[in-house]
>>> print(open('my_file.tsv').read())   # TSV, C-alpha atoms
chain	number	residue	atom	x	y	z
I	198	PRO	CA	-0.39	-38.50	119.87
I	199	LYS	CA	-2.02	-35.27	120.84
I	200	LYS	CA	-0.14	-32.18	119.64
I	201	LYS	CA	0.34	-28.86	121.33
I	202	ILE	CA	-0.17	-26.03	118.86
I	203	ILE	CA	1.76	-22.85	119.48
I	204	ASN	CA	0.79	-19.62	117.75
I	205	CYS	CA	4.00	-18.33	116.25
I	206	GLY	CA	3.18	-16.89	112.84
I	207	TYR	CA	4.80	-17.53	109.50
I	208	PHE	CA	8.33	-16.08	109.75
I	209	TYR	CA	9.22	-16.47	106.08
I	210	LEU	CA	6.02	-14.74	105.03
I	211	ASP	CA	6.81	-11.87	107.42
I	212	TYR	CA	10.31	-11.61	105.92
I	213	LEU	CA	8.96	-11.45	102.36
I	214	MET	CA	6.31	-8.88	103.28
I	215	LYS	CA	8.93	-6.55	104.78
I	216	SER	CA	11.72	-6.98	102.23
I	217	SER	CA	10.12	-7.61	98.84
I	218	SER	CA	9.45	-5.18	96.03
I	219	LYS	CA	5.97	-5.49	94.62
I	220	LYS	CA	6.90	-3.45	91.51
I	221	LEU	CA	9.48	-5.65	89.76
I	222	MET	CA	6.92	-7.73	87.89
I	223	GLN	CA	7.66	-8.57	84.26
I	224	ARG	CA	4.65	-8.95	82.00
I	225	ASP	CA	4.00	-12.47	80.73
I	226	GLN	CA	6.57	-14.00	83.07
I	227	VAL	CA	5.39	-17.24	84.61
I	228	LEU	CA	6.99	-18.81	87.65
I	229	PHE	CA	6.59	-22.57	87.24
I	230	ALA	CA	7.15	-24.18	90.63
I	231	PRO	CA	5.90	-27.76	90.82
I	232	SER	CA	5.80	-29.41	94.22
I	233	TRP	CA	7.66	-32.58	95.04
I	234	ASN	CA	6.02	-35.83	95.93
I	235	TYR	CA	7.18	-39.14	97.34
I	236	GLU	CA	5.69	-40.76	94.27
I	237	TYR	CA	7.67	-40.78	91.05
I	238	LYS	CA	4.45	-40.13	89.15
I	239	ASN	CA	4.02	-36.39	89.67
I	240	LEU	CA	3.46	-33.16	87.76
I	241	PHE	CA	7.14	-32.42	87.21
I	242	ASN	CA	8.11	-35.87	85.95
I	243	ASP	CA	5.02	-36.46	83.86
I	244	TYR	CA	4.18	-33.00	82.48
I	245	GLY	CA	6.93	-30.51	83.33
I	246	LEU	CA	8.44	-30.64	79.84
I	247	ASP	CA	5.03	-30.25	78.17
I	248	ILE	CA	4.02	-27.30	80.36
I	249	ILE	CA	7.25	-25.41	79.67
I	250	ASN	CA	6.99	-26.16	75.95
I	251	ILE	CA	3.38	-24.96	75.70
I	252	LEU	CA	4.17	-21.71	77.51
I	253	LEU	CA	7.31	-20.94	75.50
I	254	LYS	CA	5.52	-21.58	72.21
I	255	ASN	CA	2.94	-19.01	73.29
I	256	ASN	CA	5.48	-16.28	74.08
I	257	PHE	CA	5.53	-16.55	77.86
I	258	LYS	CA	8.78	-16.10	79.75
I	259	ILE	CA	9.35	-19.00	82.12
I	260	VAL	CA	11.23	-19.08	85.40
I	261	PHE	CA	11.40	-22.73	86.40
I	262	ARG	CA	11.89	-23.22	90.12
I	263	PRO	CA	12.20	-26.89	90.97
I	264	HIS	CA	11.76	-27.89	94.58
I	265	PRO	CA	15.12	-29.05	96.04
I	266	GLU	CA	13.64	-32.53	96.48
I	267	ILE	CA	13.03	-32.69	92.72
I	268	LEU	CA	16.78	-32.28	92.25
I	269	LYS	CA	17.39	-35.22	94.60
I	270	ARG	CA	14.68	-37.51	93.27
I	271	SER	CA	14.40	-36.61	89.57
I	272	MET	CA	17.81	-35.34	88.47
I	273	LYS	CA	17.64	-37.20	85.16
I	274	LYS	CA	14.39	-35.45	84.19
I	275	PHE	CA	15.71	-32.11	85.46
I	276	ASN	CA	18.85	-32.45	83.32
I	277	GLU	CA	16.72	-33.37	80.30
I	278	ILE	CA	14.65	-30.19	80.68
I	279	LYS	CA	17.76	-28.11	81.29
I	280	LYS	CA	19.40	-29.46	78.14
I	281	ILE	CA	16.33	-28.99	75.93
I	282	PHE	CA	15.70	-25.37	76.95
I	283	ASP	CA	19.26	-24.29	77.72
I	284	LYS	CA	19.53	-21.91	74.75
I	285	GLU	CA	15.98	-20.59	75.01
I	286	LEU	CA	16.19	-16.87	75.91
I	287	SER	CA	12.72	-16.84	77.50
I	288	PHE	CA	13.58	-19.69	79.87
I	289	SER	CA	15.57	-19.59	83.09
I	290	ILE	CA	16.03	-21.87	86.08
I	291	ASP	CA	16.02	-20.55	89.63
I	292	LEU	CA	18.10	-22.75	91.95
I	293	SER	CA	18.69	-20.06	94.58
I	294	ARG	CA	18.05	-20.85	98.23
I	295	CYS	CA	15.44	-18.10	98.42
I	296	PRO	CA	12.88	-17.63	95.62
I	297	LYS	CA	12.39	-13.93	96.44
I	298	LYS	CA	13.74	-12.62	93.11
I	299	SER	CA	11.56	-15.02	91.08
I	300	LEU	CA	8.51	-14.21	93.17
I	301	GLU	CA	9.07	-10.46	92.76
I	302	SER	CA	9.49	-10.59	89.00
I	303	SER	CA	6.78	-13.06	87.98
I	304	GLU	CA	3.29	-12.07	86.95
I	305	ILE	CA	1.68	-15.49	87.47
I	306	LEU	CA	2.60	-18.64	89.37
I	307	ILE	CA	1.82	-22.12	88.09
I	308	THR	CA	2.06	-25.00	90.53
I	309	ASP	CA	0.21	-28.09	91.59
I	310	ASN	CA	0.43	-28.31	95.38
I	311	SER	CA	3.42	-26.19	96.35
I	312	THR	CA	3.12	-23.89	99.35
I	313	ILE	CA	5.09	-21.26	97.39
I	314	SER	CA	1.57	-20.35	96.27
I	315	MET	CA	0.88	-18.87	99.70
I	316	GLU	CA	3.87	-16.54	99.53
I	317	PHE	CA	2.92	-15.51	95.99
I	318	LEU	CA	-0.74	-14.93	96.82
I	319	PHE	CA	-0.38	-13.36	100.26
I	320	VAL	CA	2.70	-11.17	99.70
I	321	PHE	CA	2.47	-10.21	96.02
I	322	LYS	CA	-1.30	-10.62	95.61
I	323	ARG	CA	-0.80	-12.01	92.13
I	324	PRO	CA	-2.69	-14.83	90.44
I	325	THR	CA	-1.82	-18.46	90.95
I	326	LEU	CA	-2.91	-21.26	88.67
I	327	PHE	CA	-3.07	-24.69	90.27
I	328	ILE	CA	-2.81	-27.68	87.97
I	329	ASN	CA	-4.83	-30.56	89.40
I	330	TYR	CA	-2.99	-33.81	88.82
I	331	LYS	CA	-1.90	-35.89	91.80
I	332	LYS	CA	-2.70	-35.27	95.43
I	333	LYS	CA	0.34	-34.64	97.57
I	334	ILE	CA	-0.07	-36.99	100.51
I	335	HIS	CA	2.91	-37.14	102.84
I	336	ASN	CA	0.90	-38.25	105.84
I	337	VAL	CA	-0.76	-41.61	105.28
I	338	ASN	CA	-2.90	-41.03	108.37
I	339	PHE	CA	-4.42	-37.82	107.04
I	340	HIS	CA	-7.89	-39.34	107.12
I	341	LYS	CA	-7.75	-39.42	110.95
I	342	SER	CA	-7.91	-35.62	111.03
I	343	HIS	CA	-11.19	-33.96	110.28
I	344	ASN	CA	-9.50	-30.67	109.38
I	345	LYS	CA	-9.22	-29.59	105.77
I	346	PRO	CA	-5.62	-28.96	104.71
I	347	PHE	CA	-4.94	-25.22	104.77
I	348	GLU	CA	-3.33	-25.44	101.32
I	349	ASN	CA	-6.60	-26.78	99.88
I	350	ILE	CA	-8.58	-23.93	101.44
I	351	VAL	CA	-6.17	-21.35	99.96
I	352	LYS	CA	-6.29	-23.06	96.57
I	353	LYS	CA	-10.10	-22.98	96.41
I	354	LYS	CA	-10.55	-19.49	97.82
I	355	PHE	CA	-7.77	-17.52	96.12
I	356	GLY	CA	-6.43	-19.53	93.18
I	357	SER	CA	-7.57	-20.64	89.78
I	358	GLU	CA	-7.51	-24.31	88.80
I	359	ILE	CA	-7.12	-26.39	85.68
I	360	ASP	CA	-7.17	-30.15	85.28
I	361	ILE	CA	-4.11	-31.81	83.80
I	362	ASN	CA	-6.04	-33.04	80.78
I	363	ASN	CA	-6.59	-29.37	79.82
I	364	ILE	CA	-2.95	-28.20	79.83
I	365	LYS	CA	-3.05	-27.41	76.12
I	366	THR	CA	-5.40	-24.55	77.06
I	367	LEU	CA	-2.84	-23.03	79.46
I	368	PRO	CA	-2.16	-19.92	77.32
I	369	LYS	CA	-5.87	-19.13	77.05
I	370	VAL	CA	-6.45	-19.76	80.76
I	371	LEU	CA	-3.49	-17.55	81.72
I	372	LYS	CA	-4.79	-14.71	79.55
I	373	GLU	CA	-8.20	-14.98	81.25
I	374	ILE	CA	-6.60	-15.01	84.70
I	375	LYS	CA	-4.60	-11.88	83.85
I	376	LYS	CA	-7.85	-10.04	83.08
I	377	LYS	CA	-9.17	-10.67	86.60
I	378	LYS	CA	-8.70	-8.03	89.25
I	379	PRO	CA	-5.63	-8.58	91.42
I	380	LEU	CA	-6.11	-9.51	95.04
I	381	LYS	CA	-6.65	-6.45	97.21
I	382	GLY	CA	-6.07	-5.77	100.88
I	383	GLU	CA	-5.68	-8.47	103.46
I	384	VAL	CA	-5.79	-12.01	102.25
>>> encode(input="my_file.tsv", output="structure tokens")
Amino acid sequence: PKKKIINCGYFYLDYLMKSSSKKLMQRDQVLFAPSWNYEYKNLFNDYGLDIINILLKNNFKIVFRPHPEILKRSMKKFNEIKKIFDKELSFSIDLSRCPKKSLESSEILITDNSTISMEFLFVFKRPTLFINYKKKIHNVNFHKSHNKPFENIVKKKFGSEIDINNIKTLPKVLKEIKKKKPLKGEV
């Protein structure tokens, strides 16, 4: 059915813009925030452990922020990761309701399709690396719309991308991304 679109803004983005510190960033801290997917085959389940391992072995600090749906749908995998990295000083898990603290303190965000990328890019103007693995399709009728998903536009215009089969190059890619100029002005 036809939808009525109401211009209302992005309240959470407005909140972050007004209340966040842009100066709390810790060098080499990566916020790893994979999206959730209806499918069991997804970035978190298939590669989350590998990604964290690669980054830790290359002296990055990791803040892992699982989507709340990951905790519902993949608790076994979450507990496995938690157990493996529990004693690792450079690894923490953010389960808070609001990711503000993790967003403020992280230098780079790694995700696949999570909209946390918009908050990170638009508020903090810091680099985001998108790992291309599985498309996140929650609307099976998406093909009926001729509009490009806004998330895809943001990803292409403001982010950096890497294919899943290149995750072993993550440290090199992150170092290259850090050399780029940060986003300036209005995004």
>>> closest_residue(input="my_file.tsv", among="I:Leu286, I:Cys295, I:Ile267, I:Leu240", to="Ile361 in chain I", atoms="all atoms listed in the file")
I:Leu240
>>> atom_distance(input="my_file.tsv", atom1="CA of Lys298 in chain I", atom2="CA of Thr366 in chain I")
27.7 Å
>>> closest_residue(input="my_file.tsv", among="I:Ser289, I:Ser342, I:Asn234, I:Asn349", to="Ser303 in chain I", atoms="all atoms listed in the file")
I:Ser289
>>> closest_residue(input="my_file.tsv", among="I:Lys365, I:Lys377, I:Lys372, I:Lys219", to="Asn250 in chain I", atoms="all atoms listed in the file")
I:Lys365
>>> closest_residue(input="my_file.tsv", among="I:Phe282, I:Phe241, I:Glu358, I:Asp309", to="Leu268 in chain I", atoms="only C-alpha atoms")
I:Phe241
>>> closest_residue(input="my_file.tsv", among="I:Lys345, I:Lys297, I:Lys274, I:Lys376", to="Tyr244 in chain I", atoms="only C-alpha atoms")
I:Lys274
>>> atom_distance(input="my_file.tsv", atom1="CA of Leu326 in chain I", atom2="CA of Ser357 in chain I")
4.8 Å
>>> closest_residue(input="my_file.tsv", among="I:Ile307, I:Ile359, I:Met214, I:Ile251", to="Asn329 in chain I", atoms="all atoms listed in the file")
I:Ile359
>>> residues_around(input="my_file.tsv", residues="Leu253 in chain I", least_positions_apart="4", cutoff="8 Å", atoms="all atoms listed in the file", output="list in words")
Ile249, Phe257, Lys258, Ile259, Ser287 and Phe288 of chain I
>>> residues_around(input="my_file.tsv", residues="Lys369 in chain I", least_positions_apart="5", cutoff="10 Å", atoms="all atoms listed in the file", output="compact mmCIF listing (two decimals) with C-alpha atoms, keeping the file's coordinate frame")
# COMPACT_ATOMS: atom_id res chain seq x y z
CA ASN I 255 2.94 -19.01 73.29
CA ILE I 364 -2.95 -28.20 79.83
CA ILE I 374 -6.60 -15.01 84.70
>>> atom_distance(input="my_file.tsv", atom1="CA of Asp247 in chain I", atom2="CA of Glu301 in chain I")
24.9 Å
